[in-house]
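Have a look at query.txt; it's compact mmCIF, C-alpha atoms:
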# COMPACT_ATOMS: atom_id res chain seq x y z
CA MET A 133 -0.95 43.29 9.98
CA ILE A 134 -2.75 46.57 9.28
CA GLY A 135 0.48 47.89 7.77
CA LEU A 136 0.59 45.05 5.24
CA LEU A 137 -2.98 45.79 4.17
CA GLN A 138 -2.21 49.51 3.89
CA LEU A 139 0.86 48.80 1.74
CA LYS A 140 -1.09 46.46 -0.54
CA SER A 141 -3.90 49.00 -0.90
CA TRP A 142 -1.43 51.79 -1.67
CA LEU A 143 0.41 49.69 -4.27
CA ASN A 144 -2.89 48.68 -5.92
CA SER A 145 -4.04 52.29 -6.17
CA HIS A 146 -0.74 53.70 -7.48
CA TYR A 147 0.66 50.82 -9.54
CA GLU A 148 -2.33 49.04 -11.04
CA PHE A 149 -0.12 46.91 -13.27
CA LEU A 150 1.01 44.82 -10.26
CA THR A 151 -0.80 41.49 -10.29
CA GLU A 152 -1.98 39.43 -7.33
CA GLU A 153 0.86 37.04 -8.15
CA ASP A 154 3.37 39.93 -7.88
CA LEU A 155 1.94 40.96 -4.51
CA ASP A 156 1.76 37.37 -3.25
CA PHE A 157 5.49 36.90 -3.94
CA PHE A 158 6.36 39.90 -1.78
CA LYS A 159 3.96 39.25 1.12
CA PRO A 160 5.97 36.60 3.06
CA HIS A 161 9.06 38.83 2.95
CA LEU A 162 7.42 41.89 4.52
CA ILE A 163 8.01 42.66 8.19
CA GLU A 164 5.87 45.10 10.16
CA LYS A 165 7.77 46.99 12.87
CA SER A 166 6.83 49.48 15.58
CA VAL A 167 9.40 52.25 15.98
CA GLY A 168 9.65 54.39 19.11
CA LYS A 169 10.03 58.15 19.07
CA ASP A 170 13.69 59.18 18.58
CA ALA A 171 14.68 55.63 17.54
CA TYR A 172 17.07 55.23 14.61
CA LEU A 173 16.35 53.01 11.62
CA LEU A 174 19.73 53.86 10.11
CA THR A 175 22.91 55.36 11.53
CA GLU A 176 25.60 57.09 9.49
CA GLY A 177 28.42 54.71 8.57
CA TYR A 178 26.17 51.64 8.35
CA CYS A 179 24.69 50.12 5.22
CA CYS A 180 20.98 50.63 4.58
CA ARG A 181 19.84 47.01 4.19
CA GLU A 182 16.07 47.58 4.27
CA MET A 183 13.54 49.77 2.56
CA SER A 184 10.51 50.73 4.60
CA PHE A 185 6.97 51.77 3.79
CA VAL A 186 5.77 54.27 6.39
CA VAL A 187 2.38 53.14 7.72
CA SER A 188 2.24 55.83 10.40
CA GLY A 189 4.63 58.39 11.79
CA VAL A 190 7.25 60.88 10.64
CA PHE A 191 10.97 60.34 10.14
CA ARG A 192 13.86 62.61 9.29
CA MET A 193 16.94 61.79 7.24
CA PHE A 194 19.91 63.91 8.24
CA TYR A 195 23.68 64.17 8.00
CA LEU A 196 26.36 65.76 10.16
CA SER A 197 28.32 68.79 8.95
CA ASP A 198 30.96 70.07 11.39
CA GLY A 199 29.06 68.38 14.21
CA LYS A 200 25.75 70.02 13.24
CA GLU A 201 22.73 67.95 12.15
CA ILE A 202 21.40 68.98 8.73
CA ASN A 203 17.99 67.58 7.74
CA ALA A 204 17.86 66.41 4.14
CA HIS A 205 14.40 64.85 3.92
CA PHE A 206 11.27 63.96 5.88
CA PHE A 207 9.28 60.75 5.35
CA LYS A 208 5.68 60.29 6.46
CA GLU A 209 2.67 58.05 5.85
CA ASN A 210 2.64 56.26 2.49
CA ASP A 211 6.26 57.13 1.68
CA PHE A 212 8.86 54.53 0.81
CA MET A 213 11.84 55.26 3.00
CA ALA A 214 15.51 54.41 2.65
CA GLU A 215 18.82 56.09 2.12
CA TYR A 216 18.57 55.15 -1.53
CA CYS A 217 22.23 55.32 -2.57
CA SER A 218 23.26 53.14 0.35
CA PHE A 219 20.32 50.77 -0.18
CA LEU A 220 20.81 50.35 -3.93
CA ASN A 221 24.62 50.12 -3.85
CA GLN A 222 24.88 48.34 -0.47
CA ARG A 223 27.54 50.73 0.81
CA PRO A 224 27.86 52.68 4.09
CA SER A 225 25.47 55.60 4.42
CA ARG A 226 26.40 59.22 5.01
CA TYR A 227 22.95 59.77 6.53
CA SER A 228 20.96 58.70 9.57
CA ILE A 229 17.19 58.11 9.68
CA GLN A 230 15.35 58.85 12.94
CA ALA A 231 11.70 58.62 14.00
CA LEU A 232 10.25 61.94 15.18
CA GLU A 233 7.16 60.27 16.65
CA ARG A 234 5.97 56.75 17.44
CA SER A 235 5.72 55.07 14.06
CA VAL A 236 4.91 51.85 12.23
CA VAL A 237 6.74 50.68 9.11
CA VAL A 238 6.69 47.67 6.81
CA THR A 239 10.18 46.65 5.70
CA PHE A 240 11.77 44.46 3.07
CA SER A 241 15.40 43.70 2.30
CA HIS A 242 17.59 44.64 -0.65
CA GLU A 243 17.90 40.95 -1.56
CA VAL A 244 14.11 40.52 -1.70
CA LEU A 245 13.78 43.53 -3.99
CA LEU A 246 16.46 42.20 -6.36
CA ASP A 247 14.71 38.82 -6.39
CA ALA A 248 11.40 40.54 -7.21
CA TYR A 249 13.06 42.42 -10.10
CA ASN A 250 14.38 39.13 -11.48
CA ARG A 251 11.03 37.35 -11.16
CA SER A 252 8.70 39.96 -12.60
CA LYS A 253 8.84 42.72 -15.20
CA ASN A 254 6.14 44.46 -13.15
CA TRP A 255 8.41 44.78 -10.10
CA GLU A 256 11.22 45.92 -12.37
CA ARG A 257 8.87 48.56 -13.82
CA LEU A 258 7.86 49.69 -10.33
CA GLY A 259 11.54 50.06 -9.42
CA ARG A 260 12.14 52.22 -12.49
CA LEU A 261 9.13 54.42 -11.71
CA MET A 262 10.26 54.84 -8.11
CA ALA A 263 13.79 55.73 -9.26
CA GLU A 264 12.32 58.35 -11.60
CA GLN A 265 10.25 59.76 -8.73
CA PHE A 266 13.30 59.87 -6.44
CA SER A 267 15.33 61.60 -9.15
CA GLY A 268 12.58 64.20 -9.49
CA LEU A 269 12.54 64.83 -5.73
CA VAL A 270 16.31 65.32 -5.63
CA SER A 271 16.22 67.65 -8.64
CA ASP A 272 13.35 69.67 -7.15
CA ARG A 273 15.18 70.06 -3.83
CA MET A 274 18.38 71.15 -5.56
CA GLU A 275 16.53 73.70 -7.70
CA LYS A 276 14.86 75.20 -4.63
CA PHE A 277 18.28 75.86 -3.10
CA LEU A 278 19.65 77.23 -6.37
CA PHE A 279 16.74 79.46 -7.38
CA MET A 280 14.81 80.33 -4.20
CA ASP A 281 15.70 82.34 -1.14
CA GLY A 282 14.81 81.16 2.38
CA LYS A 283 11.40 82.82 2.41
CA GLU A 284 10.47 81.27 -0.94
CA ARG A 285 11.57 77.81 0.25
CA TYR A 286 9.46 78.24 3.39
CA LEU A 287 6.39 79.32 1.39
CA SER A 288 6.91 76.43 -1.02
CA LEU A 289 7.01 73.93 1.86
CA MET A 290 3.91 75.55 3.39
CA GLN A 291 2.09 75.08 0.08
CA ASP A 292 3.35 71.56 -0.62
CA ASP A 293 3.03 70.10 2.89
CA PRO A 294 1.37 72.41 5.44
CA ALA A 295 0.74 69.54 7.90
CA ILE A 296 4.48 68.97 8.36
CA PHE A 297 4.61 72.14 10.48
CA ASP A 298 2.34 70.48 13.05
CA ARG A 299 4.45 67.34 13.30
CA VAL A 300 8.09 68.39 12.98
CA PRO A 301 9.86 70.74 15.42
CA LEU A 302 10.71 74.17 14.02
CA TYR A 303 14.47 73.70 14.45
CA HIS A 304 14.34 70.57 12.24
CA LEU A 305 12.32 72.45 9.60
CA ALA A 306 14.77 75.37 9.71
CA SER A 307 17.67 73.00 9.09
CA TYR A 308 15.79 71.39 6.20
CA LEU A 309 15.14 74.83 4.69
CA GLY A 310 18.82 75.76 4.96
CA MET A 311 18.62 78.36 7.73
CA GLU A 312 18.89 78.88 11.46
CA ARG A 313 15.79 78.60 13.63
CA GLU A 314 15.89 82.33 14.37
CA SER A 315 15.85 83.15 10.65
CA LEU A 316 12.82 80.93 10.12
CA SER A 317 11.06 82.57 13.08
CA ARG A 318 11.71 86.03 11.58
CA ILE A 319 10.33 84.92 8.20
CA ARG A 320 7.22 83.48 9.85
CA ASN A 321 6.69 86.66 11.90
CA ARG A 322 7.05 88.91 8.84
CA ILE A 323 4.57 86.81 6.88
CA SER A 324 2.04 86.74 9.73
CA ARG A 325 2.21 90.55 10.06
CA SER A 326 1.66 91.17 6.33

Kindly return the structure encoded in the file as structure tokens.
Amino acid sequence: MIGLLQLKSWLNSHYEFLTEEDLDFFKPHLIEKSVGKDAYLLTEGYCCREMSFVVSGVFRMFYLSDGKEINAHFFKENDFMAEYCSFLNQRPSRYSIQALERSVVVTFSHEVLLDAYNRSKNWERLGRLMAEQFSGLVSDRMEKFLFMDGKERYLSLMQDDPAIFDRVPLYHLASYLGMERESLSRIRNRISRS
């Protein structure tokens, strides 16, 4: 129940145009779930049927390349989490989503979201704003790989989200930054010596 209150509070503070009526429509369709460490919310090849709001915990979204896990994104408290292309288009996902620590999420289905869009311009507006935010995140990530070297990507992540280094194992962060763990360790050592 705490998760539902946290979601409502977060929506009220970030999307003030949502009315009580908008929120009341959504409330009976929300499901709070506890997720164990290392549990999967989505596995590659399956359709992402739910979007989640992360109440507590950290998740990684990753894909396999030649049998190697490559981390594409991390989700943590107050993030909406889904494999968006699979969720929006209701097609099999190329990604998996896994909890890196015990977590709590609030979920809702694709059908409920479509119903909300049809019932309220406010929900439709929220969907557009979230799509714009997602597009910005994807563009930012792509530009970091195009225009930054490994050290610059590491420093950027340290500046943007220093707490992630306390919650996510180094080998997952190295994969996310596009390098081997040993390369990340060398970068960290060089920076700490300078």

_d(CA of Cys180 (chain A), CA of Met213 (chain A)) in Å_ = 10.4 Å

Each residue of region 200-246 of chain A with at least one atom at most 9 Å from region 285-304 of chain A should appear once, together with its nearest atom pair and the corresponding distance in Å (one decimal); atoms considered: only C-alpha atoms; ordering: chain, then increasing residue number; output as a Markdown table.
| residue | atom | partner | partner_atom | distance |
| --- | --- | --- | --- | --- |
| A:Glu201 | CA | A:His304 | CA | 8.8 |
| A:Ile202 | CA | A:His304 | CA | 8.0 |
| A:Asn203 | CA | A:His304 | CA | 6.5 |
| A:Phe206 | CA | A:Ile296 | CA | 8.8 |
| A:Lys208 | CA | A:Ile296 | CA | 9.0 |
| A:Leu232 | CA | A:Val300 | CA | 7.1 |
| A:Glu233 | CA | A:Arg299 | CA | 8.3 |

*Determine the nearest neighbour of Arg273 (chain A) from the options A:Leu136, A:Ala204, A:Ala171, A:Ser145, counting all atoms listed in the file.*
A:Ala204

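Counting only C-alpha atoms and comparing A:Leu139, A:Leu309, A:Ala263, A:Val167, the residue that lies closest to Gln230 (chain A) is A:Val167.
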
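The shortest atom-to-atom distance to Asn221 (chain A), with all atoms listed in the file taken into account, belongs to A:His242 out of A:Arg320, A:Lys165, A:His205, A:His242.
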
_Rounded to one decimal, what separation in Å do you get between CA of Arg313 (chain A) and CA of Met274 (chain A)?_
20.7 Å

*Using only C-alpha atoms, determine which residues lie at most 10 Å from Arg226 (chain A), disregarding the query and same-chain residues fewer than 3 positions distant; provide the list as a PyMOL selection string.*
chain A and resi 174-179+194-196+215+217-218+223

_Straight-line distance linking CA of Tyr308 (chain A) with CA of Arg322 (chain A), stated in Å to one decimal_ =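 About the pair CA of Tyr308 (chain A) and CA of Arg322 (chain A): they are 19.8 Å apart.
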
*Which one is closest to Phe240 (chain A): A:Asn144, A:Ser324, A:Ser184, A:Ser317? Count all atoms listed in the file.*
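The answer is A:Ser184, which sits nearest to Phe240 (chain A).
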
Where does region 153-212 of chain A meet region 251-259 of chain A within 10 Å, residue by residue, with the nearest atom pair and distance in Å to one decimal for each, counting all atoms listed in the file, listed by chain and rising number, as JSON lines?
{"residue": "A:Glu153", "atom": "CA", "partner": "A:Ser252", "partner_atom": "CA", "distance": 9.5}
{"residue": "A:Asp154", "atom": "CA", "partner": "A:Ser252", "partner_atom": "CA", "distance": 7.1}
{"residue": "A:Leu155", "atom": "CA", "partner": "A:Trp255", "partner_atom": "CA", "distance": 9.4}
{"residue": "A:Phe157", "atom": "CA", "partner": "A:Arg251", "partner_atom": "CA", "distance": 9.1}
{"residue": "A:Phe158", "atom": "CA", "partner": "A:Trp255", "partner_atom": "CA", "distance": 9.9}

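Summary of the local environment: counting only C-alpha atoms, residues at most 12 Å from Ser141 (chain A), other than itself and those fewer than 6 positions away along its chain, are Ile134, Gly135, Tyr147, Glu148, Leu150, Glu152, Leu155, Val187 and Asn210 of chain A.
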
*asked:* Could you list, as a list in words, every residue within 7 Å of Phe185 (chain A), counting only C-alpha atoms and ignoring same-chain residues fewer than 4 positions away?
replied: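 Answer for this query is Asn210, Asp211, Phe212, Met213, Val237, Val238 and Thr239 of chain A.
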
*Compare A:Ile229, A:Gly310, A:Glu284, A:Leu137 by their minimum atom-to-atom distance to Ile323 (chain A), counting only C-alpha atoms, and give me the closest one.*
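That would be A:Glu284, the residue with the smallest distance to Ile323 (chain A).
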
*Go through A:Ser228, A:Ser307, A:Ser326, A:Ser267 and flag the residue nearest Asp170 (chain A), using all atoms listed in the file for the distances.*
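Using all atoms listed in the file, the shortest distance to Asp170 (chain A) belongs to A:Ser228.
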
Could you please fill out region 232-253 of chain A with N, CA and C atoms and send it back as a CSV table (one decimal), in the frame of the given file?
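Output below, filename result_24.csv:
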chain,number,residue,atom,x,y,z
A,232,LEU,N,10.6,60.7,14.4
A,232,LEU,CA,10.2,61.9,15.2
A,232,LEU,C,9.0,61.7,16.0
A,233,GLU,N,8.3,60.6,15.8
A,233,GLU,CA,7.2,60.3,16.6
A,233,GLU,C,7.0,58.8,16.6
A,234,ARG,N,6.2,58.2,17.5
A,234,ARG,CA,6.0,56.8,17.4
A,234,ARG,C,5.5,56.4,16.0
A,235,SER,N,6.0,55.4,15.5
A,235,SER,CA,5.7,55.1,14.1
A,235,SER,C,5.6,53.6,13.8
A,236,VAL,N,5.0,53.2,12.7
A,236,VAL,CA,4.9,51.8,12.2
A,236,VAL,C,5.4,51.8,10.8
A,237,VAL,N,6.2,50.9,10.5
A,237,VAL,CA,6.7,50.7,9.1
A,237,VAL,C,6.6,49.2,8.7
A,238,VAL,N,6.6,49.0,7.4
A,238,VAL,CA,6.7,47.7,6.8
A,238,VAL,C,8.0,47.6,6.0
A,239,THR,N,8.9,46.7,6.3
A,239,THR,CA,10.2,46.6,5.7
A,239,THR,C,10.4,45.4,4.8
A,240,PHE,N,11.3,45.6,3.9
A,240,PHE,CA,11.8,44.5,3.1
A,240,PHE,C,13.2,44.7,2.7
A,241,SER,N,14.0,43.6,2.5
A,241,SER,CA,15.4,43.7,2.3
A,241,SER,C,15.8,44.0,0.8
A,242,HIS,N,17.0,44.4,0.7
A,242,HIS,CA,17.6,44.6,-0.6
A,242,HIS,C,17.5,43.4,-1.5
A,243,GLU,N,17.9,42.2,-0.8
A,243,GLU,CA,17.9,41.0,-1.6
A,243,GLU,C,16.5,40.6,-2.1
A,244,VAL,N,15.5,40.8,-1.3
A,244,VAL,CA,14.1,40.5,-1.7
A,244,VAL,C,13.7,41.4,-2.9
A,245,LEU,N,14.1,42.7,-2.9
A,245,LEU,CA,13.8,43.5,-4.0
A,245,LEU,C,14.5,43.1,-5.3
A,246,LEU,N,15.7,42.7,-5.2
A,246,LEU,CA,16.5,42.2,-6.4
A,246,LEU,C,15.8,40.9,-6.9
A,247,ASP,N,15.4,40.0,-6.0
A,247,ASP,CA,14.7,38.8,-6.4
A,247,ASP,C,13.4,39.2,-7.1
A,248,ALA,N,12.7,40.1,-6.6
A,248,ALA,CA,11.4,40.5,-7.2
A,248,ALA,C,11.7,41.1,-8.6
A,249,TYR,N,12.7,41.9,-8.8
A,249,TYR,CA,13.1,42.4,-10.1
A,249,TYR,C,13.3,41.3,-11.1
A,250,ASN,N,14.0,40.3,-10.6
A,250,ASN,CA,14.4,39.1,-11.5
A,250,ASN,C,13.2,38.3,-11.8
A,251,ARG,N,12.2,38.2,-11.0
A,251,ARG,CA,11.0,37.4,-11.2
A,251,ARG,C,9.9,38.0,-12.0
A,252,SER,N,9.9,39.3,-12.0
A,252,SER,CA,8.7,40.0,-12.6
A,252,SER,C,9.1,41.3,-13.2
A,253,LYS,N,8.7,41.4,-14.5
A,253,LYS,CA,8.8,42.7,-15.2
A,253,LYS,C,8.0,43.8,-14.5
